[in-house]
>>> print(open('my_file.txt').read())   # compact mmCIF, N, CA and C atoms
# COMPACT_ATOMS: atom_id res chain seq x y z
N MET A 1 211.12 85.30 37.72
CA MET A 1 210.33 85.63 36.55
C MET A 1 209.13 84.69 36.47
N GLN A 2 208.06 85.23 36.03
CA GLN A 2 206.83 84.45 35.91
C GLN A 2 206.88 83.58 34.66
N ILE A 3 206.66 82.30 34.83
CA ILE A 3 206.59 81.38 33.70
C ILE A 3 205.20 81.50 33.09
N THR A 4 205.15 81.70 31.80
CA THR A 4 203.86 81.82 31.12
C THR A 4 203.51 80.59 30.30
N LYS A 5 204.52 79.82 29.96
CA LYS A 5 204.27 78.68 29.09
C LYS A 5 205.30 77.58 29.36
N ALA A 6 204.84 76.35 29.33
CA ALA A 6 205.74 75.20 29.47
C ALA A 6 205.32 74.16 28.44
N GLU A 7 206.28 73.71 27.66
CA GLU A 7 206.02 72.72 26.61
C GLU A 7 206.80 71.44 26.92
N VAL A 8 206.17 70.31 26.71
CA VAL A 8 206.80 69.01 26.92
C VAL A 8 206.94 68.32 25.57
N THR A 9 208.16 67.87 25.27
CA THR A 9 208.41 67.20 23.99
C THR A 9 209.12 65.87 24.26
N PRO A 10 208.38 64.75 24.14
CA PRO A 10 209.04 63.45 24.30
C PRO A 10 209.67 63.00 22.99
N VAL A 11 210.83 62.38 23.09
CA VAL A 11 211.54 61.88 21.91
C VAL A 11 212.07 60.49 22.23
N GLU A 12 211.74 59.53 21.39
CA GLU A 12 212.29 58.18 21.54
C GLU A 12 213.64 58.17 20.81
N LEU A 13 214.71 57.91 21.54
CA LEU A 13 216.04 57.94 20.97
C LEU A 13 216.57 56.52 20.79
N ALA A 14 216.82 56.14 19.56
CA ALA A 14 217.47 54.87 19.29
C ALA A 14 218.97 55.09 19.47
N LEU A 15 219.59 54.27 20.28
CA LEU A 15 221.02 54.43 20.53
C LEU A 15 221.82 53.89 19.36
N LYS A 16 222.84 54.65 18.96
CA LYS A 16 223.68 54.23 17.85
C LYS A 16 224.35 52.90 18.17
N GLN A 17 224.78 52.78 19.41
CA GLN A 17 225.37 51.52 19.88
C GLN A 17 224.64 51.12 21.16
N PRO A 18 224.14 49.91 21.24
CA PRO A 18 223.45 49.48 22.46
C PRO A 18 224.37 49.61 23.68
N VAL A 19 223.74 49.87 24.82
CA VAL A 19 224.47 50.03 26.08
C VAL A 19 224.23 48.79 26.93
N GLN A 20 225.30 48.21 27.43
CA GLN A 20 225.20 47.04 28.30
C GLN A 20 225.79 47.41 29.65
N MET A 21 224.97 47.30 30.70
CA MET A 21 225.44 47.56 32.05
C MET A 21 225.37 46.26 32.84
N ALA A 22 226.16 46.16 33.86
CA ALA A 22 226.24 44.93 34.66
C ALA A 22 224.87 44.48 35.13
N HIS A 23 224.58 43.23 34.89
CA HIS A 23 223.36 42.56 35.36
C HIS A 23 222.07 43.18 34.84
N LEU A 24 222.14 43.94 33.76
CA LEU A 24 220.95 44.53 33.16
C LEU A 24 220.86 44.14 31.69
N PRO A 25 219.65 44.08 31.15
CA PRO A 25 219.53 43.79 29.72
C PRO A 25 220.09 44.93 28.89
N GLU A 26 220.43 44.64 27.67
CA GLU A 26 220.99 45.63 26.74
C GLU A 26 219.94 46.71 26.44
N LEU A 27 220.38 47.97 26.48
CA LEU A 27 219.49 49.09 26.15
C LEU A 27 219.73 49.48 24.70
N LYS A 28 218.68 49.49 23.91
CA LYS A 28 218.79 49.89 22.51
C LYS A 28 218.14 51.23 22.23
N SER A 29 217.32 51.69 23.18
CA SER A 29 216.68 53.00 23.03
C SER A 29 216.31 53.53 24.41
N VAL A 30 216.14 54.82 24.50
CA VAL A 30 215.68 55.49 25.71
C VAL A 30 214.68 56.57 25.30
N THR A 31 213.88 56.98 26.24
CA THR A 31 212.95 58.09 26.00
C THR A 31 213.52 59.34 26.64
N ALA A 32 213.72 60.37 25.85
CA ALA A 32 214.15 61.67 26.35
C ALA A 32 212.91 62.57 26.40
N VAL A 33 212.79 63.34 27.47
CA VAL A 33 211.68 64.28 27.61
C VAL A 33 212.28 65.66 27.79
N PHE A 34 212.02 66.54 26.83
CA PHE A 34 212.50 67.91 26.88
C PHE A 34 211.37 68.81 27.39
N VAL A 35 211.70 69.73 28.29
CA VAL A 35 210.73 70.69 28.80
C VAL A 35 211.27 72.08 28.51
N ARG A 36 210.46 72.87 27.83
CA ARG A 36 210.83 74.26 27.50
C ARG A 36 209.95 75.19 28.31
N LEU A 37 210.58 76.07 29.08
CA LEU A 37 209.86 77.06 29.87
C LEU A 37 210.04 78.43 29.23
N GLU A 38 208.98 79.20 29.18
CA GLU A 38 209.05 80.56 28.63
C GLU A 38 208.51 81.53 29.68
N THR A 39 209.19 82.67 29.82
CA THR A 39 208.79 83.66 30.81
C THR A 39 207.99 84.79 30.17
N ARG A 40 207.40 85.59 31.02
CA ARG A 40 206.62 86.74 30.57
C ARG A 40 207.50 87.69 29.73
N GLN A 41 208.79 87.75 30.02
CA GLN A 41 209.72 88.62 29.30
C GLN A 41 210.19 88.00 27.99
N GLY A 42 209.74 86.81 27.67
CA GLY A 42 210.11 86.16 26.41
C GLY A 42 211.36 85.31 26.47
N GLN A 43 211.97 85.20 27.64
CA GLN A 43 213.14 84.34 27.78
C GLN A 43 212.69 82.89 27.85
N SER A 44 213.57 81.98 27.44
CA SER A 44 213.22 80.57 27.53
C SER A 44 214.40 79.78 28.07
N ALA A 45 214.08 78.64 28.65
CA ALA A 45 215.09 77.74 29.19
C ALA A 45 214.61 76.31 28.94
N TRP A 46 215.56 75.43 28.74
CA TRP A 46 215.26 74.02 28.44
C TRP A 46 215.76 73.14 29.56
N GLY A 47 215.03 72.07 29.81
CA GLY A 47 215.45 71.02 30.72
C GLY A 47 215.21 69.69 30.03
N CYS A 48 215.86 68.64 30.50
CA CYS A 48 215.72 67.34 29.86
C CYS A 48 215.91 66.24 30.89
N THR A 49 215.18 65.16 30.70
CA THR A 49 215.40 63.95 31.47
C THR A 49 215.36 62.77 30.52
N VAL A 50 216.01 61.71 30.90
CA VAL A 50 216.02 60.49 30.09
C VAL A 50 215.44 59.39 30.96
N THR A 51 214.60 58.56 30.36
CA THR A 51 213.97 57.51 31.13
C THR A 51 213.95 56.19 30.38
N HIS A 52 214.15 55.15 31.13
CA HIS A 52 214.03 53.77 30.65
C HIS A 52 213.89 52.94 31.92
N PRO A 53 212.96 51.99 31.95
CA PRO A 53 212.76 51.21 33.18
C PRO A 53 214.05 50.58 33.73
N GLN A 54 214.94 50.13 32.84
CA GLN A 54 216.18 49.50 33.30
C GLN A 54 217.24 50.51 33.71
N LEU A 55 217.07 51.75 33.29
CA LEU A 55 218.08 52.79 33.56
C LEU A 55 217.72 53.60 34.80
N THR A 56 216.49 54.09 34.86
CA THR A 56 216.07 54.96 35.96
C THR A 56 215.09 54.29 36.90
N GLY A 57 214.50 53.20 36.47
CA GLY A 57 213.47 52.56 37.28
C GLY A 57 212.09 53.15 37.05
N ASP A 58 212.00 54.24 36.31
CA ASP A 58 210.73 54.89 36.00
C ASP A 58 210.23 54.46 34.64
N GLU A 59 208.95 54.21 34.55
CA GLU A 59 208.34 53.89 33.26
C GLU A 59 208.19 55.18 32.45
N PRO A 60 208.49 55.14 31.15
CA PRO A 60 208.39 56.36 30.33
C PRO A 60 207.02 57.04 30.42
N GLN A 61 205.94 56.27 30.45
CA GLN A 61 204.61 56.88 30.49
C GLN A 61 204.39 57.61 31.82
N ASP A 62 204.99 57.11 32.91
CA ASP A 62 204.88 57.80 34.21
C ASP A 62 205.66 59.11 34.20
N VAL A 63 206.84 59.08 33.60
CA VAL A 63 207.66 60.30 33.51
C VAL A 63 206.95 61.34 32.64
N LEU A 64 206.40 60.90 31.52
CA LEU A 64 205.66 61.82 30.65
C LEU A 64 204.47 62.42 31.38
N ARG A 65 203.71 61.59 32.07
CA ARG A 65 202.55 62.07 32.81
C ARG A 65 202.97 63.12 33.84
N ALA A 66 204.07 62.84 34.55
CA ALA A 66 204.57 63.79 35.56
C ALA A 66 205.05 65.09 34.91
N CYS A 67 205.74 65.00 33.78
CA CYS A 67 206.22 66.20 33.09
C CYS A 67 205.05 67.05 32.59
N TYR A 68 204.03 66.40 32.04
CA TYR A 68 202.85 67.14 31.59
C TYR A 68 202.13 67.80 32.77
N ALA A 69 202.04 67.11 33.90
CA ALA A 69 201.40 67.69 35.08
C ALA A 69 202.19 68.91 35.58
N CYS A 70 203.51 68.79 35.59
CA CYS A 70 204.36 69.91 36.01
C CYS A 70 204.25 71.08 35.03
N ALA A 71 204.20 70.78 33.74
CA ALA A 71 204.06 71.83 32.73
C ALA A 71 202.74 72.57 32.89
N ALA A 72 201.68 71.85 33.21
CA ALA A 72 200.39 72.49 33.42
C ALA A 72 200.41 73.37 34.67
N LYS A 73 201.17 72.98 35.68
CA LYS A 73 201.26 73.73 36.94
C LYS A 73 202.23 74.91 36.85
N ALA A 74 203.20 74.86 35.95
CA ALA A 74 204.28 75.86 35.90
C ALA A 74 203.79 77.31 35.85
N PRO A 75 202.81 77.67 35.03
CA PRO A 75 202.38 79.07 35.01
C PRO A 75 201.77 79.56 36.33
N ASP A 76 201.35 78.64 37.20
CA ASP A 76 200.76 79.02 38.47
C ASP A 76 201.77 79.08 39.61
N LEU A 77 203.02 78.76 39.32
CA LEU A 77 204.05 78.74 40.37
C LEU A 77 204.42 80.15 40.80
N HIS A 78 204.87 80.25 42.03
CA HIS A 78 205.32 81.54 42.57
C HIS A 78 206.58 81.98 41.84
N PRO A 79 206.63 83.20 41.31
CA PRO A 79 207.78 83.61 40.49
C PRO A 79 209.07 83.85 41.25
N THR A 80 209.02 84.03 42.58
CA THR A 80 210.26 84.31 43.30
C THR A 80 210.58 83.29 44.38
N ASN A 81 209.62 82.52 44.83
CA ASN A 81 209.85 81.52 45.87
C ASN A 81 210.09 80.17 45.20
N ILE A 82 211.29 79.97 44.72
CA ILE A 82 211.63 78.78 43.95
C ILE A 82 211.54 77.51 44.80
N GLU A 83 211.98 77.58 46.06
CA GLU A 83 211.93 76.40 46.91
C GLU A 83 210.49 75.92 47.07
N TYR A 84 209.56 76.85 47.29
CA TYR A 84 208.15 76.49 47.41
C TYR A 84 207.65 75.90 46.09
N SER A 85 208.02 76.52 44.99
CA SER A 85 207.56 76.06 43.68
C SER A 85 208.07 74.66 43.37
N LEU A 86 209.34 74.39 43.68
CA LEU A 86 209.88 73.04 43.46
C LEU A 86 209.19 72.02 44.36
N GLY A 87 208.82 72.44 45.56
CA GLY A 87 208.06 71.56 46.45
C GLY A 87 206.70 71.22 45.87
N GLU A 88 206.06 72.20 45.26
CA GLU A 88 204.77 71.95 44.60
C GLU A 88 204.93 70.95 43.46
N LEU A 89 206.00 71.09 42.70
CA LEU A 89 206.24 70.16 41.58
C LEU A 89 206.61 68.77 42.08
N ALA A 90 207.35 68.72 43.19
CA ALA A 90 207.75 67.42 43.75
C ALA A 90 206.52 66.59 44.11
N ASN A 91 205.45 67.26 44.52
CA ASN A 91 204.21 66.54 44.84
C ASN A 91 203.61 65.86 43.61
N LEU A 92 203.94 66.36 42.42
CA LEU A 92 203.37 65.82 41.18
C LEU A 92 204.19 64.68 40.58
N VAL A 93 205.40 64.48 41.06
CA VAL A 93 206.30 63.50 40.43
C VAL A 93 206.63 62.32 41.33
N HIS A 94 205.83 62.06 42.35
CA HIS A 94 206.17 60.99 43.29
C HIS A 94 206.24 59.62 42.63
N GLU A 95 205.53 59.40 41.53
CA GLU A 95 205.60 58.10 40.83
C GLU A 95 206.77 58.03 39.86
N ALA A 96 207.33 59.18 39.51
CA ALA A 96 208.43 59.22 38.54
C ALA A 96 209.39 60.35 38.90
N PRO A 97 210.21 60.17 39.94
CA PRO A 97 211.10 61.24 40.40
C PRO A 97 212.08 61.74 39.35
N SER A 98 212.42 60.91 38.35
CA SER A 98 213.37 61.39 37.34
C SER A 98 212.79 62.53 36.51
N ALA A 99 211.49 62.75 36.58
CA ALA A 99 210.88 63.86 35.85
C ALA A 99 211.39 65.21 36.36
N LEU A 100 211.80 65.28 37.63
CA LEU A 100 212.31 66.56 38.16
C LEU A 100 213.57 67.02 37.44
N CYS A 101 214.34 66.10 36.88
CA CYS A 101 215.55 66.48 36.14
C CYS A 101 215.20 67.41 34.98
N ALA A 102 214.04 67.22 34.39
CA ALA A 102 213.63 68.06 33.26
C ALA A 102 213.30 69.47 33.71
N LEU A 103 213.16 69.68 35.01
CA LEU A 103 212.79 71.00 35.52
C LEU A 103 213.97 71.73 36.14
N VAL A 104 215.18 71.34 35.80
CA VAL A 104 216.40 71.98 36.29
C VAL A 104 216.42 73.49 36.01
N PRO A 105 215.82 73.99 34.93
CA PRO A 105 215.86 75.45 34.73
C PRO A 105 215.23 76.23 35.86
N LEU A 106 214.48 75.61 36.75
CA LEU A 106 213.83 76.32 37.84
C LEU A 106 214.71 76.47 39.06
N ARG A 107 215.99 76.52 38.91
CA ARG A 107 216.86 76.67 40.07
C ARG A 107 217.01 78.15 40.41
N PRO A 108 217.25 78.45 41.68
CA PRO A 108 217.44 79.86 42.06
C PRO A 108 218.68 80.43 41.39
N VAL A 109 218.61 81.70 41.05
CA VAL A 109 219.72 82.39 40.42
C VAL A 109 220.42 83.22 41.49
N ALA A 110 221.74 83.15 41.54
CA ALA A 110 222.51 83.90 42.52
C ALA A 110 222.29 85.40 42.32
N PRO A 111 222.33 86.21 43.41
CA PRO A 111 222.06 87.64 43.29
C PRO A 111 222.94 88.34 42.25
N GLU A 112 224.21 87.93 42.13
CA GLU A 112 225.09 88.59 41.16
C GLU A 112 224.71 88.26 39.71
N GLU A 113 223.96 87.18 39.50
CA GLU A 113 223.49 86.82 38.16
C GLU A 113 222.15 87.47 37.84
N ARG A 114 221.45 87.89 38.87
CA ARG A 114 220.07 88.31 38.74
C ARG A 114 219.97 89.68 38.06
N GLY A 115 218.99 89.82 37.23
CA GLY A 115 218.68 91.10 36.61
C GLY A 115 217.18 91.29 36.65
N GLN A 116 216.71 92.26 37.41
CA GLN A 116 215.29 92.55 37.51
C GLN A 116 214.50 91.34 38.03
N GLY A 117 215.04 90.65 39.03
CA GLY A 117 214.33 89.52 39.61
C GLY A 117 214.36 88.27 38.75
N GLU A 118 215.29 88.20 37.83
CA GLU A 118 215.35 87.06 36.90
C GLU A 118 215.55 85.76 37.66
N ARG A 119 214.79 84.72 37.28
CA ARG A 119 214.86 83.44 37.97
C ARG A 119 215.11 82.26 37.04
N VAL A 120 215.08 82.43 35.75
CA VAL A 120 215.25 81.30 34.83
C VAL A 120 216.49 81.54 33.98
N ARG A 121 217.36 80.56 33.94
CA ARG A 121 218.59 80.63 33.13
C ARG A 121 218.68 79.40 32.26
N PRO A 122 219.21 79.50 31.05
CA PRO A 122 219.45 78.30 30.25
C PRO A 122 220.43 77.38 30.97
N ALA A 123 220.22 76.09 30.84
CA ALA A 123 221.03 75.11 31.56
C ALA A 123 222.51 75.24 31.24
N ALA A 124 222.86 75.62 30.01
CA ALA A 124 224.26 75.71 29.61
C ALA A 124 225.02 76.72 30.45
N ARG A 125 224.36 77.72 31.02
CA ARG A 125 225.04 78.72 31.83
C ARG A 125 225.22 78.26 33.26
N ARG A 126 224.65 77.12 33.62
CA ARG A 126 224.73 76.66 35.00
C ARG A 126 225.68 75.50 35.18
N VAL A 127 226.29 75.02 34.15
CA VAL A 127 227.19 73.89 34.28
C VAL A 127 228.43 74.36 35.02
N PRO A 128 228.71 73.79 36.20
CA PRO A 128 229.85 74.27 36.97
C PRO A 128 231.17 73.88 36.32
N GLY A 129 232.12 74.75 36.46
CA GLY A 129 233.46 74.48 35.96
C GLY A 129 234.28 73.81 37.04
N PRO A 130 235.58 73.73 36.85
CA PRO A 130 236.44 73.12 37.87
C PRO A 130 236.32 73.87 39.19
N ASN A 131 236.36 73.15 40.27
CA ASN A 131 236.27 73.73 41.60
C ASN A 131 237.50 73.28 42.37
N PRO A 132 238.52 74.13 42.44
CA PRO A 132 239.78 73.72 43.10
C PRO A 132 239.58 73.28 44.54
N ASP A 133 238.66 73.94 45.27
CA ASP A 133 238.43 73.57 46.66
C ASP A 133 237.82 72.17 46.73
N LEU A 134 236.85 71.90 45.89
CA LEU A 134 236.22 70.58 45.87
C LEU A 134 237.21 69.52 45.38
N ASP A 135 237.99 69.85 44.35
CA ASP A 135 238.99 68.91 43.84
C ASP A 135 239.99 68.54 44.94
N HIS A 136 240.42 69.54 45.73
CA HIS A 136 241.36 69.31 46.82
C HIS A 136 240.76 68.34 47.84
N ARG A 137 239.47 68.55 48.19
CA ARG A 137 238.81 67.67 49.16
C ARG A 137 238.66 66.26 48.60
N THR A 138 238.32 66.16 47.34
CA THR A 138 238.17 64.85 46.70
C THR A 138 239.49 64.10 46.73
N ASP A 139 240.60 64.79 46.44
CA ASP A 139 241.93 64.17 46.49
C ASP A 139 242.24 63.68 47.91
N ARG A 140 241.89 64.47 48.93
CA ARG A 140 242.14 64.07 50.30
C ARG A 140 241.34 62.83 50.67
N ILE A 141 240.08 62.76 50.23
CA ILE A 141 239.25 61.58 50.52
C ILE A 141 239.83 60.36 49.87
N ARG A 142 240.26 60.50 48.59
CA ARG A 142 240.86 59.36 47.89
C ARG A 142 242.13 58.88 48.58
N ALA A 143 242.86 59.82 49.18
CA ALA A 143 244.09 59.46 49.88
C ALA A 143 243.83 58.92 51.30
N GLY A 144 242.53 58.88 51.70
CA GLY A 144 242.18 58.36 53.01
C GLY A 144 242.34 59.36 54.12
N LYS A 145 242.44 60.64 53.79
CA LYS A 145 242.59 61.70 54.80
C LYS A 145 241.27 62.49 54.87
N CYS A 146 240.36 62.02 55.69
CA CYS A 146 239.06 62.70 55.83
C CYS A 146 239.18 63.84 56.82
N GLY A 147 238.26 64.78 56.75
CA GLY A 147 238.25 65.93 57.64
C GLY A 147 238.79 67.16 56.92
N ASP A 148 238.77 68.28 57.63
CA ASP A 148 239.17 69.55 57.02
C ASP A 148 240.66 69.81 57.15
N GLY A 149 241.36 69.13 58.00
CA GLY A 149 242.75 69.42 58.30
C GLY A 149 243.74 69.12 57.30
>>> encode(input="my_file.txt", output="structure tokens")
Amino acid sequence: MQITKAEVTPVELALKQPVQMAHLPELKSVTAVFVRLETRQGQSAWGCTVTHPQLTGDEPQDVLRACYACAAKAPDLHPTNIEYSLGELANLVHEAPSALCALVPLRPVAPEERGQGERVRPAARRVPGPNPDLDHRTDRIRAGKCGDG
């Protein structure tokens, strides 16, 4: 689907309880950047990234700049060649790679999910559920039994 509009909304989030991670200063706030994509058919999808120099290594202003650049480029992206489009966006975020997390709605849609060439889905529909095959492999690795056997 052709993206017609992309909006970037930065939000400074004060944490209810500060977060302390090993060998890092206490985090009392983070910057969340929400990106809303809208298609020609009126559908919309949201993406989000969180940034803090101590958390992601990216400066919030760099992430914002990258998100705004990607939002400006989004309407010009190829509507069906998602891999090419993501490559174009990757060129814009080299200073702040965490900005790509906000563009998760641009993932390819499986043929069985597709309707009329649909390419954008809300993130909530893409969260994978339990994967028994993957869980089985993870258990084998934890038990020290690597390989397929």
>>> atom_distance(input="my_file.txt", atom1="atom C of Tyr84 of chain A", atom2="atom C of Ala99 of chain A")
14.9 Å
>>> residues_around(input="my_file.txt", residues="Glu88 of chain A", least_positions_apart="4", cutoff="10 Å", atoms="only C-alpha atoms", output="list in words")
Cys70, Lys73, Ala74, Leu77, His78, Ile82, Glu83, Tyr84, Leu92 and Val93 of chain A
>>> atom_distance(input="my_file.txt", atom1="atom CA of Ala45 of chain A", atom2="atom CA of Pro105 of chain A")
6.0 Å
>>> select_by_dssp(input="my_file.txt", residues="segment 12-112 of chain A", states="alpha helix (DSSP H)", output="PyMOL selection string")
chain A and resi 60-73+82-90
>>> atom_distance(input="my_file.txt", atom1="atom CA of Val35 of chain A", atom2="atom C of Leu15 of chain A")
22.2 Å
>>> select_by_dssp(input="my_file.txt", residues="segment 11-76 of chain A", states="strand (DSSP E or B)", output="number ranges by chain")
A: 11-19, 27-39, 44-51
>>> residues_around(input="my_file.txt", residues="Cys67 of chain A", least_positions_apart="5", cutoff="6.5 Å", atoms="all atoms listed in the file", output="count of residues only")
4
